[in-house]
Number of protein chains: 2
Amino acid sequence: MDGIGNYIKRKRAELNLTQEKLALKAGVGLRFLRELEQGKSTLRMDKVNQVLQLFGQELGPVPINRNVPE
Amino acid sequence: MDGIGNYIKRKRAELNLTQEKLALKAGVGLRFLRELEQGKSTLRMDKVNQVLQLFGQELGPVPINRNVPE
DNA sequence: CATATCTATACCCGTTTGGGTATAAAAATA
DNA sequence: TATTTTTATACCCAAACGGGTATAGATATG
């Protein structure tokens with residue numbers, strides 16, 4: 001239920017953006033955004049941060065088994 | 001003052017571990033751990049998570065300009 | 001059903017990571 | 001100061017990322 005991928009997915013849905021448009025806004029490739037939403041774990045932090053910044057968020061250490069912020 | 005690198009550094013100091021020993025415990029290379037503590041932004045999420053797990057933490061979206069958890 | 005839109009998976013390939021190692025610098029200790 | 005420990009920087013190279021693209025599947029809309 002949690003995970004960064006689903007977080008991005010939810011945020012993107014809130015803004016009614018397609019993967020293509022979000023990738024464009026974030027400056028990442030479409031393929032990357034898809035792998036991100038699907039929970040690929042080996043992605044580069046800087047690229048993930050490019051997407052998170054659009055939502056005022058960034059990668060940081062959080063307790064395992066936390067609840068994802070709204 | 002914040003940043004994942006400094007977070008790791010602080011946690012490592014709390015346990016009185018050298019970079020070498022922490023890298024070994026985390027199962028990552030020594031060079032990687034050093035780049036991590038020095039704030040390199042292009043590292044892979046899975047490797048960073050291997051280190052964070054030793055402190056019960058993992059990468060997740062957090063608000064920009066937050067305070068790092070103790 | 002037909003059409004358009006969005007998403008998922010696979011391929012090619014240049015660039016970069018990350019491990020290991022070696023060397024140097026810095027810090028701690030006697 | 002001398003010695004040891006710890007940390008920082010540079011090199012080599014296999015492996016993987018990430019962009020682009022093509023294709024197929026899924027979903028929505030008329």
# chains A, B, ... in the order shown; residues from 1 in each chain; ligands from 1
$ interface_residues --of "chain A" --to "chain C" --cutoff "12 Å" --atoms "only C-alpha atoms (C1' of nucleotides)" --output "ChimeraX atom specification"
/A:17-21,30-31,33-35,37-38,42-45
$ interface_residues --of "chain B" --to "chain A" --cutoff "7 Å" --atoms "only C-alpha atoms" --output "ChimeraX atom specification"
/B:4,41-46,56-64
$ calpha_fit_and_write --fixed "chain B" --moving "chain A" --output "PDB file with C-alpha atoms, in the first residue's frame"
ATOM      1  CA  MET A   1      23.116  20.444   8.389  1.00  0.00           C
ATOM      2  CA  ASP A   2      20.630  17.864   7.194  1.00  0.00           C
ATOM      3  CA  GLY A   3      20.952  15.459   4.312  1.00  0.00           C
ATOM      4  CA  ILE A   4      21.114  11.722   4.243  1.00  0.00           C
ATOM      5  CA  GLY A   5      24.895  11.745   4.344  1.00  0.00           C
ATOM      6  CA  ASN A   6      25.084  13.536   7.662  1.00  0.00           C
ATOM      7  CA  TYR A   7      22.314  11.385   9.019  1.00  0.00           C
ATOM      8  CA  ILE A   8      24.342   8.254   8.305  1.00  0.00           C
ATOM      9  CA  LYS A   9      27.440   9.893   9.722  1.00  0.00           C
ATOM     10  CA  ARG A  10      25.701  10.687  13.000  1.00  0.00           C
ATOM     11  CA  LYS A  11      24.199   7.248  13.337  1.00  0.00           C
ATOM     12  CA  ARG A  12      27.524   5.623  12.611  1.00  0.00           C
ATOM     13  CA  ALA A  13      29.231   7.759  15.243  1.00  0.00           C
ATOM     14  CA  GLU A  14      26.606   6.738  17.790  1.00  0.00           C
ATOM     15  CA  LEU A  15      27.587   3.126  17.284  1.00  0.00           C
ATOM     16  CA  ASN A  16      31.324   3.856  17.221  1.00  0.00           C
ATOM     17  CA  LEU A  17      31.752   2.160  13.869  1.00  0.00           C
ATOM     18  CA  THR A  18      34.312   2.955  11.214  1.00  0.00           C
ATOM     19  CA  GLN A  19      33.214   3.472   7.633  1.00  0.00           C
ATOM     20  CA  GLU A  20      34.811   0.155   6.834  1.00  0.00           C
ATOM     21  CA  LYS A  21      32.852  -1.781   9.446  1.00  0.00           C
ATOM     22  CA  LEU A  22      29.575  -0.107   8.609  1.00  0.00           C
ATOM     23  CA  ALA A  23      30.070  -0.808   4.914  1.00  0.00           C
ATOM     24  CA  LEU A  24      30.724  -4.440   5.761  1.00  0.00           C
ATOM     25  CA  LYS A  25      27.629  -4.719   7.961  1.00  0.00           C
ATOM     26  CA  ALA A  26      25.473  -3.090   5.314  1.00  0.00           C
ATOM     27  CA  GLY A  27      26.872  -5.167   2.485  1.00  0.00           C
ATOM     28  CA  VAL A  28      27.990  -2.194   0.430  1.00  0.00           C
ATOM     29  CA  GLY A  29      31.394  -1.151  -0.799  1.00  0.00           C
ATOM     30  CA  LEU A  30      33.583   1.136   1.239  1.00  0.00           C
ATOM     31  CA  ARG A  31      33.758   3.635  -1.554  1.00  0.00           C
ATOM     32  CA  PHE A  32      29.996   3.736  -1.796  1.00  0.00           C
ATOM     33  CA  LEU A  33      29.569   4.435   1.902  1.00  0.00           C
ATOM     34  CA  ARG A  34      32.018   7.291   1.686  1.00  0.00           C
ATOM     35  CA  GLU A  35      30.237   8.859  -1.263  1.00  0.00           C
ATOM     36  CA  LEU A  36      26.992   8.443   0.649  1.00  0.00           C
ATOM     37  CA  GLU A  37      28.275  10.249   3.724  1.00  0.00           C
ATOM     38  CA  GLN A  38      29.647  12.989   1.518  1.00  0.00           C
ATOM     39  CA  GLY A  39      26.254  13.661   0.033  1.00  0.00           C
ATOM     40  CA  LYS A  40      26.565  12.295  -3.481  1.00  0.00           C
ATOM     41  CA  SER A  41      23.122  12.637  -4.982  1.00  0.00           C
ATOM     42  CA  THR A  42      23.198  10.081  -7.774  1.00  0.00           C
ATOM     43  CA  LEU A  43      23.483   6.949  -5.672  1.00  0.00           C
ATOM     44  CA  ARG A  44      21.139   4.042  -6.137  1.00  0.00           C
ATOM     45  CA  MET A  45      18.207   3.821  -3.744  1.00  0.00           C
ATOM     46  CA  ASP A  46      18.577   0.131  -2.983  1.00  0.00           C
ATOM     47  CA  LYS A  47      22.155   0.575  -1.837  1.00  0.00           C
ATOM     48  CA  VAL A  48      21.238   3.536   0.337  1.00  0.00           C
ATOM     49  CA  ASN A  49      18.427   1.488   1.848  1.00  0.00           C
ATOM     50  CA  GLN A  50      20.838  -1.287   2.719  1.00  0.00           C
ATOM     51  CA  VAL A  51      22.609   1.178   4.984  1.00  0.00           C
ATOM     52  CA  LEU A  52      19.491   2.869   6.374  1.00  0.00           C
ATOM     53  CA  GLN A  53      17.999  -0.472   7.372  1.00  0.00           C
ATOM     54  CA  LEU A  54      20.716  -0.889   9.971  1.00  0.00           C
ATOM     55  CA  PHE A  55      19.123   2.067  11.731  1.00  0.00           C
ATOM     56  CA  GLY A  56      15.517   0.970  11.208  1.00  0.00           C
ATOM     57  CA  GLN A  57      15.031   3.549   8.479  1.00  0.00           C
ATOM     58  CA  GLU A  58      14.410   3.569   4.766  1.00  0.00           C
ATOM     59  CA  LEU A  59      14.135   6.105   1.983  1.00  0.00           C
ATOM     60  CA  GLY A  60      10.761   7.742   1.665  1.00  0.00           C
ATOM     61  CA  PRO A  61       9.198  11.028   0.582  1.00  0.00           C
ATOM     62  CA  VAL A  62       9.517  13.728   3.211  1.00  0.00           C
ATOM     63  CA  PRO A  63       8.649  17.415   3.005  1.00  0.00           C
ATOM     64  CA  ILE A  64      11.470  19.569   1.694  1.00  0.00           C
ATOM     65  CA  ASN A  65      13.166  21.611   4.432  1.00  0.00           C
ATOM     66  CA  ARG A  66      12.030  19.287   7.171  1.00  0.00           C
ATOM     67  CA  ASN A  67      14.075  18.395  10.232  1.00  0.00           C
ATOM     68  CA  VAL A  68      15.988  15.140  10.093  1.00  0.00           C
ATOM     69  CA  PRO A  69      14.693  12.570  12.620  1.00  0.00           C
ATOM     70  CA  GLU A  70      16.968  11.723  15.566  1.00  0.00           C
TER      71      GLU A  70
END
$ interface_residues --of "chain D" --to "chain A" --cutoff "9 Å" --atoms "only C-alpha atoms (C1' of nucleotides)" --output "list in words"
DC17, DG18, DG19 and DG20 of chain D
$ write_last_selection --atoms "N, CA, C and O atoms (P, O5', C5', C4', C3', O3' and C1' of nucleotides)" --output "mmCIF file, in the first residue's frame"
data_model
loop_
_atom_site.group_PDB
_atom_site.id
_atom_site.type_symbol
_atom_site.label_atom_id
_atom_site.label_comp_id
_atom_site.auth_asym_id
_atom_site.auth_seq_id
_atom_site.Cartn_x
_atom_site.Cartn_y
_atom_site.Cartn_z
ATOM 1 P P DC D 17 19.419 -1.498 -12.930
ATOM 2 O "O5'" DC D 17 19.646 0.028 -13.306
ATOM 3 C "C5'" DC D 17 20.308 0.875 -12.381
ATOM 4 C "C4'" DC D 17 20.601 2.220 -13.013
ATOM 5 C "C3'" DC D 17 19.357 2.963 -13.481
ATOM 6 O "O3'" DC D 17 19.475 4.334 -13.123
ATOM 7 C "C1'" DC D 17 20.855 2.679 -15.290
ATOM 8 P P DG D 18 18.152 5.201 -13.014
ATOM 9 O "O5'" DG D 18 18.039 5.816 -14.477
ATOM 10 C "C5'" DG D 18 19.045 6.694 -14.927
ATOM 11 C "C4'" DG D 18 18.822 7.052 -16.378
ATOM 12 C "C3'" DG D 18 17.366 7.373 -16.742
ATOM 13 O "O3'" DG D 18 17.334 8.533 -17.549
ATOM 14 C "C1'" DG D 18 18.204 5.700 -18.163
ATOM 15 P P DG D 19 15.987 9.355 -17.681
ATOM 16 O "O5'" DG D 19 15.926 9.688 -19.246
ATOM 17 C "C5'" DG D 19 17.083 10.169 -19.890
ATOM 18 C "C4'" DG D 19 17.104 9.712 -21.336
ATOM 19 C "C3'" DG D 19 15.768 9.840 -22.072
ATOM 20 O "O3'" DG D 19 15.846 10.873 -23.046
ATOM 21 C "C1'" DG D 19 16.847 7.751 -22.518
ATOM 22 P P DG D 20 14.510 11.312 -23.802
ATOM 23 O "O5'" DG D 20 14.455 10.335 -25.077
ATOM 24 C "C5'" DG D 20 15.577 10.215 -25.914
ATOM 25 C "C4'" DG D 20 15.391 9.041 -26.860
ATOM 26 C "C3'" DG D 20 14.023 9.010 -27.560
ATOM 27 O "O3'" DG D 20 14.193 9.147 -28.969
ATOM 28 C "C1'" DG D 20 14.613 6.862 -26.692
#
$ select_by_dssp --residues "chain B" --states "alpha helix (DSSP H)" --output "ChimeraX atom specification"
/B:4-14,19-26,30-37,45-52
$ write_last_selection --atoms "N, CA and C atoms" --output "compact mmCIF listing (two decimals), in the first residue's frame"
# COMPACT_ATOMS: atom_id res chain seq x y z
N ILE B 4 21.00 13.14 3.85
CA ILE B 4 21.13 11.73 4.20
C ILE B 4 22.54 11.40 4.64
N GLY B 5 23.51 12.03 3.97
CA GLY B 5 24.90 11.76 4.31
C GLY B 5 25.21 12.03 5.76
N ASN B 6 24.83 13.20 6.22
CA ASN B 6 25.10 13.55 7.62
C ASN B 6 24.29 12.70 8.58
N TYR B 7 23.12 12.30 8.14
CA TYR B 7 22.31 11.42 8.98
C TYR B 7 23.07 10.11 9.24
N ILE B 8 23.58 9.53 8.16
CA ILE B 8 24.35 8.28 8.29
C ILE B 8 25.57 8.49 9.17
N LYS B 9 26.23 9.61 8.92
CA LYS B 9 27.44 9.91 9.69
C LYS B 9 27.14 9.93 11.18
N ARG B 10 26.07 10.61 11.56
CA ARG B 10 25.71 10.72 12.97
C ARG B 10 25.39 9.36 13.56
N LYS B 11 24.59 8.59 12.83
CA LYS B 11 24.20 7.28 13.33
C LYS B 11 25.41 6.38 13.48
N ARG B 12 26.32 6.48 12.52
CA ARG B 12 27.52 5.66 12.59
C ARG B 12 28.36 6.04 13.80
N ALA B 13 28.45 7.33 14.07
CA ALA B 13 29.22 7.79 15.22
C ALA B 13 28.60 7.28 16.52
N GLU B 14 27.27 7.25 16.56
CA GLU B 14 26.60 6.78 17.77
C GLU B 14 26.99 5.34 18.10
N GLN B 19 33.89 3.63 8.92
CA GLN B 19 33.23 3.50 7.63
C GLN B 19 33.38 2.07 7.12
N GLU B 20 34.53 1.52 7.35
CA GLU B 20 34.82 0.17 6.86
C GLU B 20 33.88 -0.86 7.50
N LYS B 21 33.71 -0.77 8.80
CA LYS B 21 32.87 -1.75 9.48
C LYS B 21 31.39 -1.57 9.13
N LEU B 22 30.97 -0.32 8.99
CA LEU B 22 29.58 -0.08 8.64
C LEU B 22 29.29 -0.59 7.22
N ALA B 23 30.23 -0.33 6.32
CA ALA B 23 30.06 -0.82 4.95
C ALA B 23 29.93 -2.33 4.94
N LEU B 24 30.75 -2.96 5.74
CA LEU B 24 30.72 -4.42 5.82
C LEU B 24 29.37 -4.90 6.35
N LYS B 25 28.91 -4.30 7.43
CA LYS B 25 27.63 -4.69 8.02
C LYS B 25 26.46 -4.49 7.05
N ALA B 26 26.56 -3.41 6.27
CA ALA B 26 25.47 -3.07 5.35
C ALA B 26 25.55 -3.87 4.05
N LEU B 30 33.05 0.01 0.42
CA LEU B 30 33.56 1.10 1.25
C LEU B 30 33.47 2.42 0.49
N ARG B 31 33.77 2.38 -0.78
CA ARG B 31 33.73 3.61 -1.56
C ARG B 31 32.32 4.17 -1.63
N PHE B 32 31.36 3.28 -1.76
CA PHE B 32 29.97 3.71 -1.80
C PHE B 32 29.58 4.42 -0.51
N LEU B 33 29.91 3.83 0.61
CA LEU B 33 29.54 4.43 1.89
C LEU B 33 30.15 5.81 2.04
N ARG B 34 31.36 5.96 1.54
CA ARG B 34 32.00 7.27 1.64
C ARG B 34 31.29 8.29 0.77
N GLU B 35 30.95 7.91 -0.43
CA GLU B 35 30.23 8.83 -1.30
C GLU B 35 28.87 9.16 -0.69
N LEU B 36 28.27 8.21 -0.04
CA LEU B 36 26.98 8.44 0.62
C LEU B 36 27.11 9.48 1.72
N GLU B 37 28.10 9.30 2.58
CA GLU B 37 28.27 10.25 3.68
C GLU B 37 28.66 11.63 3.19
N MET B 45 19.05 3.92 -4.95
CA MET B 45 18.19 3.82 -3.77
C MET B 45 18.38 2.52 -3.01
N ASP B 46 18.51 1.42 -3.72
CA ASP B 46 18.58 0.13 -3.02
C ASP B 46 19.82 0.06 -2.14
N LYS B 47 20.92 0.61 -2.64
CA LYS B 47 22.15 0.58 -1.85
C LYS B 47 22.03 1.48 -0.63
N VAL B 48 21.43 2.64 -0.82
CA VAL B 48 21.23 3.54 0.32
C VAL B 48 20.35 2.87 1.36
N ASN B 49 19.33 2.18 0.90
CA ASN B 49 18.43 1.50 1.82
C ASN B 49 19.11 0.40 2.61
N GLN B 50 20.07 -0.24 1.98
CA GLN B 50 20.82 -1.27 2.70
C GLN B 50 21.49 -0.70 3.95
N VAL B 51 21.94 0.55 3.83
CA VAL B 51 22.59 1.19 4.98
C VAL B 51 21.55 1.67 5.97
N LEU B 52 20.51 2.32 5.47
CA LEU B 52 19.48 2.88 6.36
C LEU B 52 18.80 1.81 7.20
$ select_by_dssp --residues "chain A" --states "strand (DSSP E or B)" --output "PyMOL selection string"
chain A and resi 44+57-63
$ write_last_selection --atoms "all heavy atoms" --output "compact mmCIF listing (two decimals), in the first residue's frame"
# COMPACT_ATOMS: atom_id res chain seq x y z
N ARG A 44 18.05 5.78 -9.41
CA ARG A 44 18.97 6.77 -8.84
C ARG A 44 18.20 7.82 -8.04
O ARG A 44 17.17 8.32 -8.46
CB ARG A 44 19.78 7.44 -9.95
CG ARG A 44 21.03 6.66 -10.31
CD ARG A 44 21.69 7.20 -11.54
NE ARG A 44 21.75 8.66 -11.53
CZ ARG A 44 22.30 9.37 -12.50
NH1 ARG A 44 22.82 8.76 -13.54
NH2 ARG A 44 22.32 10.67 -12.44
N GLN A 57 8.37 17.47 -2.02
CA GLN A 57 8.96 16.40 -1.21
C GLN A 57 10.33 16.04 -1.75
O GLN A 57 10.69 16.38 -2.87
CB GLN A 57 8.06 15.16 -1.26
CG GLN A 57 6.60 15.42 -0.93
CD GLN A 57 6.32 15.42 0.55
OE1 GLN A 57 6.88 14.65 1.29
NE2 GLN A 57 5.42 16.30 0.98
N GLU A 58 11.06 15.32 -0.93
CA GLU A 58 12.36 14.80 -1.34
C GLU A 58 12.63 13.51 -0.59
O GLU A 58 11.96 13.22 0.40
CB GLU A 58 13.47 15.81 -1.05
CG GLU A 58 13.69 16.04 0.43
CD GLU A 58 14.70 17.14 0.72
OE1 GLU A 58 15.41 17.54 -0.22
OE2 GLU A 58 14.78 17.58 1.88
N LEU A 59 13.60 12.76 -1.05
CA LEU A 59 13.95 11.51 -0.38
C LEU A 59 14.65 11.81 0.94
O LEU A 59 15.52 12.66 1.00
CB LEU A 59 14.86 10.66 -1.27
CG LEU A 59 14.21 9.96 -2.46
CD1 LEU A 59 15.26 9.18 -3.23
CD2 LEU A 59 13.10 9.03 -1.98
N GLY A 60 14.27 11.09 1.95
CA GLY A 60 14.92 11.23 3.24
C GLY A 60 14.70 9.96 4.04
O GLY A 60 13.87 9.13 3.69
N PRO A 61 15.45 9.80 5.13
CA PRO A 61 15.28 8.61 5.98
C PRO A 61 13.99 8.71 6.78
O PRO A 61 13.74 9.73 7.42
CB PRO A 61 16.50 8.65 6.90
CG PRO A 61 16.97 10.06 6.88
CD PRO A 61 16.50 10.70 5.62
N VAL A 62 13.19 7.67 6.70
CA VAL A 62 11.95 7.62 7.48
C VAL A 62 11.90 6.25 8.14
O VAL A 62 12.46 5.29 7.63
CB VAL A 62 10.72 7.82 6.59
CG1 VAL A 62 10.75 9.20 5.93
CG2 VAL A 62 10.62 6.73 5.56
N PRO A 63 11.23 6.16 9.27
CA PRO A 63 11.16 4.87 9.97
C PRO A 63 10.51 3.81 9.08
O PRO A 63 9.55 4.09 8.36
CB PRO A 63 10.27 5.17 11.18
CG PRO A 63 10.38 6.64 11.37
CD PRO A 63 10.56 7.22 10.01
